[in-house]
Each structure stands twice: as structure tokens, then as C-alpha cells.
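input-v4.cif follows; it contains mmCIF, C-alpha atoms and all ligand atoms.
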```cif
data_structure
loop_
_atom_site.label_atom_id
_atom_site.label_comp_id
_atom_site.auth_asym_id
_atom_site.auth_seq_id
_atom_site.Cartn_x
_atom_site.Cartn_y
_atom_site.Cartn_z
CA MET A 1 -67.50 18.18 26.08
CA ILE A 2 -67.30 21.33 28.18
CA TYR A 3 -69.12 24.08 26.38
CA LEU A 4 -67.66 27.54 26.95
CA ASP A 5 -69.10 29.25 23.90
CA HIS A 6 -72.51 30.38 25.11
CA ASN A 7 -72.16 33.77 23.40
CA ALA A 8 -72.00 32.01 20.02
CA THR A 9 -75.07 29.92 20.70
CA THR A 10 -76.61 27.88 23.51
CA PRO A 11 -77.80 24.29 23.67
CA PRO A 12 -81.59 24.19 23.35
CA ALA A 13 -83.27 23.39 26.66
CA PRO A 14 -85.12 20.05 26.78
CA ALA A 15 -88.36 21.89 27.65
CA VAL A 16 -87.93 24.00 24.52
CA LEU A 17 -87.59 20.91 22.34
CA ALA A 18 -90.59 19.33 24.09
CA ALA A 19 -92.68 22.42 23.31
CA MET A 20 -91.56 22.49 19.67
CA LEU A 21 -91.93 18.82 18.72
CA PRO A 22 -95.75 18.65 18.72
CA VAL A 23 -95.86 21.83 16.65
CA LEU A 24 -93.49 20.32 14.07
CA SER A 25 -95.35 17.02 13.92
CA SER A 26 -99.00 18.06 14.32
CA LEU A 27 -99.46 21.82 14.25
CA TRP A 28 -97.90 22.31 10.82
CA ALA A 29 -100.85 24.11 9.23
CA ASN A 30 -100.49 27.60 7.84
CA THR A 31 -101.62 30.14 10.44
CA SER A 32 -103.35 32.08 7.66
CA SER A 33 -105.54 29.09 6.63
CA GLN A 34 -109.27 29.30 7.32
CA HIS A 35 -109.74 25.63 8.27
CA GLY A 36 -109.72 24.30 11.79
CA LEU A 37 -106.10 23.21 11.76
CA GLY A 38 -105.01 26.61 10.52
CA GLN A 39 -107.03 28.31 13.22
CA GLU A 40 -105.46 26.05 15.82
CA ALA A 41 -102.01 27.08 14.57
CA LYS A 42 -103.09 30.71 14.72
CA ARG A 43 -104.15 30.30 18.36
CA ALA A 44 -100.76 28.78 19.18
CA LEU A 45 -99.09 31.78 17.53
CA SER A 46 -101.20 34.20 19.61
CA ALA A 47 -100.43 32.30 22.79
CA ALA A 48 -96.68 32.38 22.05
CA ARG A 49 -96.86 36.09 21.29
CA ALA A 50 -98.65 36.72 24.60
CA THR A 51 -95.95 34.80 26.48
CA VAL A 52 -93.13 36.67 24.74
CA ALA A 53 -94.82 40.00 25.51
CA ARG A 54 -95.40 39.10 29.17
CA VAL A 55 -91.82 37.96 29.80
CA LEU A 56 -90.26 40.92 27.94
CA GLY A 57 -92.56 43.62 29.34
CA CYS A 58 -94.15 44.77 26.09
CA LYS A 59 -97.56 44.61 24.40
CA PRO A 60 -98.32 41.66 22.10
CA VAL A 61 -98.72 44.10 19.16
CA GLU A 62 -95.17 45.29 19.79
CA VAL A 63 -93.72 41.84 18.99
CA ILE A 64 -92.68 41.17 15.36
CA PHE A 65 -91.30 37.66 14.90
CA THR A 66 -88.25 37.39 12.64
CA SER A 67 -85.68 34.79 11.56
CA GLY A 68 -83.28 36.03 14.24
CA ALA A 69 -81.42 39.09 15.40
CA THR A 70 -79.65 39.84 12.11
CA GLU A 71 -82.98 40.24 10.33
CA ALA A 72 -84.46 42.17 13.27
CA ASN A 73 -81.46 44.54 13.23
CA HIS A 74 -81.69 45.14 9.50
CA MET A 75 -85.44 45.64 9.40
CA ALA A 76 -85.35 47.99 12.38
CA MET A 77 -82.70 50.24 10.84
CA ARG A 78 -84.11 50.28 7.33
CA GLY A 79 -87.73 50.43 8.50
CA LEU A 80 -87.19 53.31 10.93
CA LEU A 81 -84.85 55.24 8.63
CA ALA A 82 -87.36 55.10 5.76
CA MET A 83 -89.91 56.96 7.92
CA ALA A 84 -87.54 59.62 9.30
CA PRO A 85 -88.24 63.24 8.35
CA PRO A 86 -86.09 64.39 5.39
CA GLU A 87 -83.99 66.75 7.51
CA ARG A 88 -82.88 63.80 9.64
CA ARG A 89 -80.68 61.63 7.44
CA ARG A 90 -77.77 60.94 9.77
CA VAL A 91 -77.48 57.52 11.42
CA VAL A 92 -75.23 56.69 14.37
CA PHE A 93 -73.99 53.17 15.14
CA SER A 94 -71.61 52.18 17.90
CA SER A 95 -68.26 51.06 16.51
CA VAL A 96 -68.46 47.73 18.36
CA GLU A 97 -71.80 46.48 16.99
CA HIS A 98 -72.06 42.90 15.77
CA ALA A 99 -70.14 42.31 12.52
CA GLY A 100 -73.33 41.81 10.50
CA HIS A 101 -74.77 45.05 11.82
CA LEU A 102 -71.63 46.98 10.87
CA ARG A 103 -71.93 45.58 7.36
CA LEU A 104 -75.34 47.23 7.25
CA ALA A 105 -73.74 50.50 8.41
CA ARG A 106 -71.31 50.26 5.48
CA ALA A 107 -74.14 49.42 3.06
CA LEU A 108 -76.12 52.44 4.23
CA ALA A 109 -73.06 54.67 3.86
CA ALA A 110 -72.45 53.31 0.34
CA ALA A 111 -76.07 54.19 -0.49
CA GLY A 112 -75.49 57.81 0.50
CA VAL A 113 -76.65 57.86 4.15
CA GLN A 114 -74.34 59.78 6.46
CA VAL A 115 -73.20 57.19 9.02
CA ASP A 116 -71.20 58.05 12.14
CA LEU A 117 -69.59 55.49 14.42
CA LEU A 118 -69.55 56.02 18.17
CA PRO A 119 -66.13 55.26 19.65
CA VAL A 120 -65.48 53.21 22.76
CA LEU A 121 -62.94 53.80 25.50
CA ALA A 122 -59.93 51.55 26.11
CA ASN A 123 -61.98 49.55 28.64
CA GLY A 124 -64.64 48.76 26.02
CA THR A 125 -67.38 51.04 27.38
CA LEU A 126 -69.08 53.56 25.14
CA ASP A 127 -67.51 57.03 24.92
CA LEU A 128 -70.49 58.97 26.27
CA GLN A 129 -68.90 62.35 25.59
CA ALA A 130 -68.57 61.45 21.94
CA ALA A 131 -72.18 60.23 21.98
CA GLN A 132 -73.30 63.56 23.38
CA ALA A 133 -71.44 65.40 20.61
CA LEU A 134 -72.63 63.12 17.80
CA ILE A 135 -76.34 62.76 18.64
CA GLY A 136 -77.89 66.00 17.43
CA PRO A 137 -81.10 67.27 15.82
CA ASP A 138 -80.07 66.03 12.34
CA VAL A 139 -79.88 62.42 13.54
CA ALA A 140 -82.65 60.04 12.48
CA LEU A 141 -81.58 56.95 14.28
CA VAL A 142 -79.06 55.60 16.78
CA SER A 143 -78.15 51.92 17.10
CA LEU A 144 -76.43 50.61 20.20
CA MET A 145 -76.01 47.06 21.40
CA ALA A 146 -77.01 46.38 25.03
CA ALA A 147 -74.05 44.07 25.66
CA ASN A 148 -71.05 43.33 23.48
CA ASN A 149 -70.77 39.74 22.26
CA GLU A 150 -66.95 39.69 22.55
CA THR A 151 -66.06 41.64 25.70
CA GLY A 152 -69.47 41.25 27.38
CA VAL A 153 -69.35 44.97 28.27
CA LEU A 154 -72.76 46.41 29.16
CA MET A 155 -73.55 49.56 27.22
CA PRO A 156 -75.23 52.67 28.73
CA VAL A 157 -78.65 52.18 27.12
CA ALA A 158 -80.50 54.51 29.54
CA GLU A 159 -78.03 57.37 29.01
CA VAL A 160 -78.10 57.00 25.23
CA ALA A 161 -81.92 56.74 25.31
CA ALA A 162 -81.99 60.09 27.13
CA LEU A 163 -79.67 61.61 24.50
CA THR A 164 -81.72 60.30 21.57
CA GLN A 165 -84.97 61.46 23.15
CA ALA A 166 -83.54 64.94 23.74
CA ALA A 167 -82.42 65.05 20.09
CA GLY A 168 -85.80 63.77 18.84
CA ALA A 169 -84.11 60.74 17.25
CA ARG A 170 -85.07 57.06 17.38
CA LEU A 171 -83.10 54.41 19.27
CA HIS A 172 -82.60 50.80 18.20
CA VAL A 173 -80.96 48.42 20.68
CA ASP A 174 -79.50 45.04 19.73
CA ALA A 175 -80.17 43.14 22.96
CA THR A 176 -79.24 39.74 21.54
CA GLN A 177 -76.56 39.04 24.15
CA PHE A 178 -78.36 40.85 26.97
CA ILE A 179 -81.82 39.31 27.11
CA GLY A 180 -81.75 36.14 29.18
CA LYS A 181 -78.53 37.15 30.93
CA GLN A 182 -79.68 40.39 32.58
CA PRO A 183 -83.11 41.52 33.82
CA PHE A 184 -84.96 43.20 30.94
CA ASN A 185 -88.21 45.13 30.55
CA PHE A 186 -89.04 46.80 27.24
CA SER A 187 -91.53 49.24 28.74
CA THR A 188 -88.93 50.91 30.96
CA TRP A 189 -85.97 50.93 28.59
CA GLY A 190 -86.58 54.01 26.45
CA ALA A 191 -85.69 52.26 23.18
CA ASP A 192 -88.00 52.41 20.17
CA ALA A 193 -86.90 49.04 18.82
CA VAL A 194 -85.11 46.06 20.39
CA SER A 195 -83.69 42.98 18.62
CA LEU A 196 -83.37 39.54 20.17
CA SER A 197 -82.57 36.00 19.11
CA ALA A 198 -83.89 32.72 20.53
CA HIS A 199 -80.70 30.67 20.12
CA LYS A 200 -78.78 32.82 22.60
CA LEU A 201 -81.19 31.88 25.39
CA GLN A 202 -81.62 28.12 25.00
CA GLY A 203 -84.12 28.46 22.18
CA PRO A 204 -83.86 27.27 18.57
CA LYS A 205 -81.83 28.90 15.80
CA GLY A 206 -83.50 30.81 12.98
CA VAL A 207 -86.04 32.67 15.09
CA GLY A 208 -86.05 35.93 16.99
CA ALA A 209 -88.03 39.11 17.29
CA LEU A 210 -88.03 42.82 16.87
CA LEU A 211 -89.86 44.63 19.65
CA LEU A 212 -91.22 47.82 18.11
CA ARG A 213 -92.81 50.47 20.29
CA GLN A 214 -96.45 50.96 19.41
CA GLY A 215 -97.05 54.10 17.36
CA VAL A 216 -93.48 54.45 16.05
CA PRO A 217 -93.59 55.01 12.25
CA PHE A 218 -92.08 51.98 10.51
CA ALA A 219 -91.79 50.92 6.87
CA PRO A 220 -92.06 47.13 6.41
CA GLN A 221 -89.06 45.60 4.66
CA THR A 222 -90.55 42.21 3.78
CA LEU A 223 -94.02 42.67 2.38
CA GLY A 224 -96.90 40.35 3.22
CA SER A 225 -99.93 40.21 5.48
CA GLN A 226 -98.31 38.43 8.43
CA GLU A 227 -97.21 40.24 11.62
CA ARG A 228 -99.80 42.98 10.90
CA GLY A 229 -98.16 43.68 7.56
CA ARG A 230 -94.82 44.46 9.17
CA ARG A 231 -92.99 41.25 8.24
CA GLY A 232 -94.41 39.07 5.50
CA GLY A 233 -93.86 35.33 5.22
CA THR A 234 -95.46 32.24 6.74
CA GLU A 235 -94.46 32.21 10.38
CA ASN A 236 -91.93 29.73 11.78
CA LEU A 237 -94.47 28.56 14.33
CA ALA A 238 -92.35 25.81 15.91
CA GLY A 239 -89.47 28.26 16.29
CA ILE A 240 -91.75 30.92 17.74
CA VAL A 241 -93.22 28.43 20.23
CA GLY A 242 -89.61 27.47 21.07
CA LEU A 243 -88.70 31.12 21.65
CA ALA A 244 -91.69 31.57 23.96
CA ALA A 245 -90.80 28.39 25.88
CA ALA A 246 -87.17 29.54 26.24
CA LEU A 247 -88.23 32.93 27.57
CA GLU A 248 -90.63 31.33 30.02
CA LEU A 249 -87.80 29.14 31.33
CA LEU A 250 -85.63 32.15 32.22
CA GLY A 251 -87.06 32.44 35.71
CA ASP A 252 -85.00 34.50 38.15
CA VAL A 253 -82.50 36.06 35.72
CA ALA A 254 -80.66 38.03 38.42
CA ALA A 255 -80.06 34.93 40.52
CA GLU A 256 -78.77 32.97 37.53
CA ALA A 257 -76.56 35.92 36.57
CA ALA A 258 -75.03 35.91 40.07
CA ARG A 259 -74.38 32.14 39.86
CA VAL A 260 -72.69 32.41 36.44
CA ALA A 261 -70.67 35.50 37.45
CA GLN A 262 -69.29 33.59 40.41
CA LEU A 263 -68.15 30.75 38.13
CA ARG A 264 -66.61 33.20 35.63
CA ASP A 265 -64.81 35.09 38.40
CA ALA A 266 -63.43 31.85 39.85
CA LEU A 267 -62.20 30.89 36.39
CA GLU A 268 -60.50 34.26 35.86
CA ILE A 269 -58.89 34.27 39.31
CA GLY A 270 -57.64 30.71 38.85
CA LEU A 271 -56.23 31.31 35.37
CA THR A 272 -54.42 34.54 36.29
CA ARG A 273 -53.00 32.86 39.37
CA ALA A 274 -51.70 29.83 37.45
CA LEU A 275 -50.64 31.78 34.37
CA PRO A 276 -49.58 35.32 35.36
CA GLN A 277 -49.24 36.27 31.67
CA THR A 278 -53.03 36.12 31.38
CA HIS A 279 -54.59 39.44 30.43
CA ILE A 280 -58.35 39.91 30.75
CA TRP A 281 -60.05 42.70 28.83
CA SER A 282 -62.79 44.89 30.37
CA ARG A 283 -62.44 43.13 33.71
CA ALA A 284 -63.04 46.30 35.73
CA VAL A 285 -66.26 47.46 34.06
CA PRO A 286 -69.80 46.03 34.22
CA ARG A 287 -69.92 42.96 31.98
CA LEU A 288 -72.21 40.09 31.14
CA PRO A 289 -71.87 37.54 33.94
CA GLY A 290 -70.51 34.66 31.84
CA THR A 291 -68.15 36.40 29.44
CA SER A 292 -64.38 36.29 29.83
CA TYR A 293 -62.30 37.80 27.04
CA LEU A 294 -58.62 37.16 27.50
CA ARG A 295 -55.23 36.38 26.07
CA PHE A 296 -52.41 34.23 27.43
CA GLY A 297 -49.33 36.37 26.83
CA GLN A 298 -49.31 36.59 23.07
CA LEU A 299 -49.94 32.92 22.42
CA SER A 300 -51.75 32.62 19.11
CA VAL A 301 -55.44 31.96 19.58
CA ASP A 302 -55.17 29.00 17.22
CA VAL A 303 -52.66 27.33 19.55
CA VAL A 304 -54.85 27.96 22.60
CA LEU A 305 -58.02 26.74 20.89
CA GLN A 306 -56.18 23.62 19.75
CA ARG A 307 -55.17 22.83 23.34
CA LEU A 308 -58.71 23.51 24.54
CA GLU A 309 -60.10 21.21 21.84
CA ARG A 310 -57.69 18.51 22.99
CA LEU A 311 -59.14 18.91 26.49
CA GLY A 312 -62.68 18.63 25.14
CA VAL A 313 -63.43 22.29 25.74
CA ALA A 314 -65.30 24.35 23.13
CA ALA A 315 -64.36 28.05 23.14
CA SER A 316 -63.97 30.76 20.59
CA SER A 317 -61.52 33.26 19.16
CA GLY A 318 -62.10 36.97 19.25
CA ALA A 319 -61.18 37.41 15.62
CA ALA A 320 -63.86 38.60 13.26
CA CYS A 321 -63.24 35.47 11.26
CA SER A 322 -63.60 32.77 13.88
CA SER A 323 -61.93 30.16 11.66
CA GLY A 324 -58.59 31.60 12.65
CA GLY A 325 -58.32 34.32 10.02
CA SER A 326 -55.76 37.05 10.22
CA GLU A 327 -58.15 39.93 10.88
CA PRO A 328 -58.00 41.19 14.48
CA SER A 329 -61.34 41.71 16.23
CA HIS A 330 -62.94 45.05 15.31
CA VAL A 331 -64.03 45.38 18.94
CA LEU A 332 -60.48 45.14 20.32
CA THR A 333 -59.24 47.38 17.52
CA ALA A 334 -61.85 50.00 18.50
CA MET A 335 -60.53 49.74 22.08
CA GLY A 336 -57.03 50.57 20.80
CA VAL A 337 -55.61 47.07 21.33
CA PRO A 338 -52.59 46.39 19.06
CA ALA A 339 -53.14 43.75 16.38
CA ASP A 340 -50.63 41.24 17.80
CA GLU A 341 -52.45 41.25 21.15
CA ALA A 342 -55.90 41.17 19.52
CA LEU A 343 -54.89 38.13 17.48
CA ALA A 344 -54.27 36.27 20.76
CA ALA A 345 -57.85 36.88 22.00
CA VAL A 346 -59.79 33.93 23.37
CA ARG A 347 -63.41 34.20 24.44
CA LEU A 348 -64.69 31.89 27.14
CA SER A 349 -68.42 32.32 27.59
CA LEU A 350 -70.22 30.49 30.36
CA GLY A 351 -73.97 30.10 30.59
CA ARG A 352 -76.89 28.22 32.05
CA THR A 353 -75.34 24.81 31.46
CA SER A 354 -72.00 25.77 33.07
CA THR A 355 -71.04 24.19 36.38
CA GLN A 356 -68.37 24.43 39.06
CA GLU A 357 -67.04 21.10 37.73
CA ASP A 358 -66.40 22.72 34.34
CA VAL A 359 -64.37 25.47 35.98
CA THR A 360 -62.42 23.08 38.20
CA TYR A 361 -61.60 20.84 35.24
CA LEU A 362 -60.34 23.74 33.14
CA LEU A 363 -58.27 25.18 35.98
CA ASN A 364 -56.62 21.79 36.52
CA ALA A 365 -56.10 20.88 32.87
CA LEU A 366 -55.28 24.06 30.94
CA PRO A 367 -52.39 25.72 32.82
CA PRO A 368 -50.05 22.68 32.55
CA LEU A 369 -50.59 22.70 28.76
CA LEU A 370 -50.03 26.44 28.31
CA ALA A 371 -47.28 27.12 30.88
CA PRO A 372 -44.44 25.56 28.78
CA LEU A 373 -45.59 27.50 25.71
CA LEU A 374 -45.65 30.75 27.68
CA HIS A 375 -42.21 29.97 29.08
CA GLU A 376 -40.93 29.45 25.55
CA GLU A 377 -42.53 32.74 24.51
CA VAL A 378 -40.59 34.58 27.21
CA LEU A 379 -37.34 32.91 26.13
CA THR A 380 -37.80 33.72 22.46
CA ALA A 381 -39.10 37.26 22.94
CA PRO A 382 -37.17 39.77 20.81
N1 LIG A 401 -76.24 40.65 17.45
C1 LIG A 401 -75.42 40.15 18.38
C2 LIG A 401 -74.91 41.05 19.46
C3 LIG A 401 -75.04 38.81 18.35
O1 LIG A 401 -74.21 38.33 19.27
C4 LIG A 401 -75.56 37.97 17.32
C5 LIG A 401 -75.20 36.51 17.23
N2 LIG A 401 -73.82 36.25 17.27
C6 LIG A 401 -76.42 38.54 16.37
C7 LIG A 401 -76.74 39.87 16.48
C8 LIG A 401 -76.99 37.73 15.25
O2 LIG A 401 -78.05 36.93 15.70
P1 LIG A 401 -78.73 35.83 14.79
O3 LIG A 401 -77.80 34.67 14.77
O4 LIG A 401 -80.02 35.51 15.45
O5 LIG A 401 -78.96 36.43 13.44
#
```
Turn this file's structure into C-alpha cells for me.
Amino acid sequence: MIYLDHNATTPPAPAVLAAMLPVLSSLWANTSSQHGLGQEAKRALSAARATVARVLGCKPVEVIFTSGATEANHMAMRGLLAMAPPERRRVVFSSVEHAGHLRLARALAAAGVQVDLLPVLANGTLDLQAAQALIGPDVALVSLMAANNETGVLMPVAEVAALTQAAGARLHVDATQFIGKQPFNFSTWGADAVSLSAHKLQGPKGVGALLLRQGVPFAPQTLGSQERGRRGGTENLAGIVGLAAALELLGDVAAEAARVAQLRDALEIGLTRALPQTHIWSRAVPRLPGTSYLRFGQLSVDVVLQRLERLGVAASSGAACSSGGSEPSHVLTAMGVPADEALAAVRLSLGRTSTQEDVTYLLNALPPLLAPLLHEEVLTAP
């Protein structure tokens, strides 16, 4: 199996599993228990928190462990909004946020919050002029992802941080796809809150964190004594230890990014050469190193994924409903891509486990399967 779906999730690293297993089997005590075993679990939690803080460039008190990025996103938005001054009720989301996050935007709007969506340009980058116009003194909170999960486009976090600071608003950044793939340091980013998820960086599923700048007013959304009263519930210690181990494994992120970008570029060059009908979105703007978002003519994504499956390659569609539903991707729609083209979108996402052999195999095996279909498409075009 060749795995080209690293933006969906990543295989857990063996060192992550090795770090988690003894916690699952032996360190299962409740970290809030007074007895020795509980105290031992509590020390492991503190050690993991210290590691996470060191790798991500924040203070240990700024780390709130969650069940993943979806929870971190929700608690950041609701928790920051609840503490905003009454004259600041407007919330701004980018229009290409993760589907779950946009559901929250709709839920907030339905509850009476004024929600504005920031448009993107045709190349998938944020429309900064629109951001400038929309982020004013009545805004409580802005939410912008650091990198898009479909196109891989890197968003202008520093520029938007400057705009939010000038407006006196708060900034939340969903860095789920960014952390682990690009160098990151919370202390220099200018965001008040940052979400991340372990399973996107070779950690386990069901664990992540919200980094919350010390001193920023925040209303807890899940009540309980854990995480300094900011997120109640017995901690997922094995998951948290797994997250810390995964972060520690990252090493030289820039070097790994360069390696993966080279593989992705070779794949894109090879595919466009063999199949000239290949169209790659956002190719000319800064992107995540491993993400390639493309269509082969207007071949249905289901047909392409079927051929890939036959070749033992796991990839993904760009549709909001990845099971081959009829809804075009909201990201491509926001970029102005027509529905028939958006419904042909295939996402190939390379990562740490990707190799030159994977790329060579795909370049040898896929074009002969797709070329006749593309030829047929040309012949039957209206
Ligand atoms: N935000 C982004 C940008 C994502 O790509 C994902 C995962 N697809 C999430 C949030 C949700 O993360 P989790 O699975 O940890 O809830």
C-alpha cells in the first residue's frame, strides 16, 4: 500500500507507539489521584506538557490538552468570544476553514452572532484587502487556518495577526495541517490561540491541544478541575504522551519539508508530462510541501480513486463528503472553480513515510490507466 493521504491522517510512528504502550499498560492511574500511582501519572503528564511546550515554543501553562483539533477549535472560539467586550460581537472566519469549523461558524450565526467570511482569491490565498476591510474595531475574534487541508495553501498568519492586533481583536489559528510540516514557534506568531492535532504528525488520534496565550481572557467550555480549570475531564495520558513523543520526533522540520516538496514536485512534473490534461490548483503559491490538489481533465474523482485503489494507492477526493458525494469542495467553490471541475478534484498528500519509490511507482502505473479514459473524454466532449 502506497499511502498518499497524509493530510487525512498519518501512520503513528513506532517511537510514538513505544512511548504510549507502557502508559496504557502500567500508568493507567488517574492523574488527580493522591496515591503513588496517581502521582506518577501526574508527573508523566507534566513531563509531556513540558516537551510539548519546548517543541512548540510556548510556556507549559499555555498548553491545554484536548481530544483533537475540532475540540480545540470549538473551545477557542466559544471560550474567547464569551469574554469579548459587549461592543465586539462580530466574528470573522476564513471561507476555507475546515468543514467542522465552518459548521461552528453557522451555529454561531444561527445563535445571533454576526459572522463574516473572509474570501480567498482564485489561487486559494486569502484576500488580504477584504481582510483589511472586514477586521475592524467591532470584531471580537478572527479565525484563520495556517494551511489549508485541501489545497495546502499557506495563509498569511503574520499579516492577519497585525490586522487583528491593530483592531484590538483576538486571533485564533487552526494550525492542524501546518505544525509538523513547517517550522513553528508560538511565541513569535502573534496568535492568541492555536489548535493542533496529534494524528496529523505521526501521533495518535483523539488527542490534540489548544495553545492559549497566557493572560488572554478565556471562558472554559468543559467544566472540571483538569488543565487548570480550562478543560475538564480525566486526561488521555497515553494520547498526550504520544503527542509529546510525536512532536519530539519532528527534528529538522525545514529539511524534511524540502525532501517532501522535492517528491511532490517530481510527482506533479511527471503527471503533467504524461497526462497533459492534468490541472494542479494553487501550484504557483506557497503551499505545504506534500500537498498536490489536482484533476485529470474532468475525469470523475470516483473513477480516479478506483484506479488508484486498484494500484494499491490510498488518496482522497476533494469533495466535502469524501465518500464520493455530489457536493463540490467548499474550498474550490470559494476559489471560483466551477462545480464540474471541483467534482474531479483528487488530493494526493505526501508525508514523512513517502519515498522516491512511491513517486516512481505512481508515475509508471497511473498514466497508462488514465490516458485511455482521458482520450475517451476528449472524443465524447460536447
Ligand atoms: N482542522 C484542520 C485544518 C484539519 O485538517 C483537521 C483534520 N482533518 C481538523 C481541523 C480536525 O482535526 P481532528 O481530527 O483532530 O479533530
Exercise. Grab me every residue within 9 Å of ligand LIG 401 (chain A), counting all atoms listed in the file, and send it over as a VMD selection string.
Key: chain A and resid 7 to 9 66 to 73 97 to 101 145 to 150 174 to 178 195 to 200 205 to 209
Sorted by chain and rising residue number, list the residues of range 186-297 of chain A at most 10 Å from range 123-136 of chain A (counting only C-alpha atoms), each with its closest atom pair and distance in Å to one decimal, as CSV.
```
residue,atom,partner,partner_atom,distance
A:Trp281,CA,A:Asn123,CA,7.1
A:Ser282,CA,A:Asn123,CA,5.0
A:Arg283,CA,A:Asn123,CA,8.2
A:Ala284,CA,A:Asn123,CA,7.9
A:Val285,CA,A:Asn123,CA,7.2
A:Pro286,CA,A:Thr125,CA,8.8
A:Arg287,CA,A:Thr125,CA,9.6
```
Include C-alpha atoms and write out the residues we just selected as a PDB file, keeping the file's coordinate frame.
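See out-v5.pdb below for the written result:
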```pdb
ATOM      1  CA  TRP A 281     -60.050  42.700  28.830  1.00  0.00           C
ATOM      2  CA  SER A 282     -62.790  44.890  30.370  1.00  0.00           C
ATOM      3  CA  ARG A 283     -62.440  43.130  33.710  1.00  0.00           C
ATOM      4  CA  ALA A 284     -63.040  46.300  35.730  1.00  0.00           C
ATOM      5  CA  VAL A 285     -66.260  47.460  34.060  1.00  0.00           C
ATOM      6  CA  PRO A 286     -69.800  46.030  34.220  1.00  0.00           C
ATOM      7  CA  ARG A 287     -69.920  42.960  31.980  1.00  0.00           C
TER       8      ARG A 287
END
```
Expected residue set, 9 Å radius at (-85.5, 63.2, 10.1), only C-alpha atoms, as a short mmCIF file (atom, residue, chain, number, x, y, z; two decimals) with C-alpha atoms, in the coordinates of the input:
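Contents of point-v4.cif, freshly written:
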```cif
data_model
loop_
_atom_site.label_atom_id
_atom_site.label_comp_id
_atom_site.auth_asym_id
_atom_site.auth_seq_id
_atom_site.Cartn_x
_atom_site.Cartn_y
_atom_site.Cartn_z
CA LEU A 81 -84.85 55.24 8.63
CA MET A 83 -89.91 56.96 7.92
CA ALA A 84 -87.54 59.62 9.30
CA PRO A 85 -88.24 63.24 8.35
CA PRO A 86 -86.09 64.39 5.39
CA GLU A 87 -83.99 66.75 7.51
CA ARG A 88 -82.88 63.80 9.64
CA ARG A 89 -80.68 61.63 7.44
CA ARG A 90 -77.77 60.94 9.77
CA PRO A 137 -81.10 67.27 15.82
CA ASP A 138 -80.07 66.03 12.34
CA VAL A 139 -79.88 62.42 13.54
CA ALA A 140 -82.65 60.04 12.48
CA LEU A 141 -81.58 56.95 14.28
CA GLY A 168 -85.80 63.77 18.84
CA ALA A 169 -84.11 60.74 17.25
#
```
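Between CA of Val96 in chain A and CA of Val153 in chain A lies a distance of 10.3 Å.
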- How far is it from CA of Asn30 in chain A to CA of Leu250 in chain A, in Å with one decimal?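 Between these atoms lies a distance of 28.9 Å.
These residues, each with an atom at most 9 Å from (-65.1, 30.7, 27.9) using only C-alpha atoms, are Tyr3, Leu4, Asp5, His6, Asn7, Arg264, Leu267, Gly290, Thr291, Ser292, Tyr293, Val313, Ala314, Ala315, Ser316, Val346, Arg347, Leu348, Ser349 and Leu350 of chain A.
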Worksheet item: What is the CA of Leu104 in chain A-CA of Pro11 in chain A distance in Å, reported with one decimal?
Response: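 Straight-line distance from CA of Leu104 in chain A to CA of Pro11 in chain A works out to 28.3 Å.
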Shortest contact to Val337 in chain A, candidates A:Leu121, A:Leu243, A:Leu171, A:Val16, atoms counted only C-alpha atoms, goes to A:Leu121
Contacts of Glu235 in chain A within 9 Å, all atoms listed in the file, excl. fewer than 2 positions in-chain, as a list in words =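 So the residues in contact are Asn30, Thr31, Leu45, Phe65, Thr66, Gln226, Glu227, Gly232, Gly233, Leu237, Ala238, Gly239 and Ile240 of chain A.
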Who sits within 12 Å of range 57-60 of chain A, only C-alpha atoms, same chain under 2 positions skipped, as number ranges by chain: A: 45-55, 62-65, 179, 183-194, 209-215, 227-228, 247
From the set A:Ala219, A:Ala19, A:Leu271, A:Ala13, which residue has the shortest atom-to-atom contact distance to His74 in chain A, counting all atoms listed in the file?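 Checking each of A:Ala219, A:Ala19, A:Leu271, A:Ala13 against His74 in chain A, counting all atoms listed in the file, the winner is A:Ala219.
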Select range 142-153 of chain A in the preceding structure and write N, CA, C and O atoms to a file as an mmCIF file, in the first residue's frame.
```cif
data_model
loop_
_atom_site.group_PDB
_atom_site.id
_atom_site.type_symbol
_atom_site.label_atom_id
_atom_site.label_comp_id
_atom_site.auth_asym_id
_atom_site.auth_seq_id
_atom_site.Cartn_x
_atom_site.Cartn_y
_atom_site.Cartn_z
ATOM 1 N N VAL A 142 -11.011 36.671 15.205
ATOM 2 C CA VAL A 142 -10.775 36.242 13.821
ATOM 3 C C VAL A 142 -10.227 34.820 13.879
ATOM 4 O O VAL A 142 -9.402 34.500 14.741
ATOM 5 N N SER A 143 -10.694 33.964 12.964
ATOM 6 C CA SER A 143 -10.166 32.600 12.905
ATOM 7 C C SER A 143 -9.658 32.304 11.500
ATOM 8 O O SER A 143 -10.394 32.424 10.523
ATOM 9 N N LEU A 144 -8.401 31.924 11.437
ATOM 10 C CA LEU A 144 -7.755 31.671 10.148
ATOM 11 C C LEU A 144 -6.908 30.420 10.262
ATOM 12 O O LEU A 144 -6.135 30.276 11.215
ATOM 13 N N MET A 145 -7.046 29.521 9.300
ATOM 14 C CA MET A 145 -6.190 28.334 9.334
ATOM 15 C C MET A 145 -4.788 28.703 8.826
ATOM 16 O O MET A 145 -4.635 29.618 8.006
ATOM 17 N N ALA A 146 -3.758 28.010 9.315
ATOM 18 C CA ALA A 146 -2.393 28.320 8.887
ATOM 19 C C ALA A 146 -2.110 27.738 7.511
ATOM 20 O O ALA A 146 -1.364 28.321 6.720
ATOM 21 N N ALA A 147 -2.699 26.579 7.232
ATOM 22 C CA ALA A 147 -2.515 25.924 5.936
ATOM 23 C C ALA A 147 -3.787 25.175 5.625
ATOM 24 O O ALA A 147 -4.364 24.536 6.517
ATOM 25 N N ASN A 148 -4.226 25.268 4.379
ATOM 26 C CA ASN A 148 -5.481 24.613 4.003
ATOM 27 C C ASN A 148 -5.278 23.112 3.800
ATOM 28 O O ASN A 148 -4.324 22.691 3.148
ATOM 29 N N ASN A 149 -6.210 22.322 4.314
ATOM 30 C CA ASN A 149 -6.074 20.868 4.244
ATOM 31 C C ASN A 149 -6.303 20.310 2.842
ATOM 32 O O ASN A 149 -5.858 19.220 2.531
ATOM 33 N N GLU A 150 -6.979 21.070 1.968
ATOM 34 C CA GLU A 150 -7.221 20.567 0.608
ATOM 35 C C GLU A 150 -6.153 21.050 -0.373
ATOM 36 O O GLU A 150 -5.491 20.248 -1.023
ATOM 37 N N THR A 151 -5.998 22.367 -0.469
ATOM 38 C CA THR A 151 -5.027 22.917 -1.433
ATOM 39 C C THR A 151 -3.607 22.922 -0.883
ATOM 40 O O THR A 151 -2.644 22.986 -1.649
ATOM 41 N N GLY A 152 -3.468 22.932 0.444
ATOM 42 C CA GLY A 152 -2.155 23.073 1.074
ATOM 43 C C GLY A 152 -1.681 24.516 1.146
ATOM 44 O O GLY A 152 -0.590 24.784 1.655
ATOM 45 N N VAL A 153 -2.483 25.452 0.636
ATOM 46 C CA VAL A 153 -2.049 26.857 0.594
ATOM 47 C C VAL A 153 -1.756 27.393 1.995
ATOM 48 O O VAL A 153 -2.525 27.181 2.927
#
```
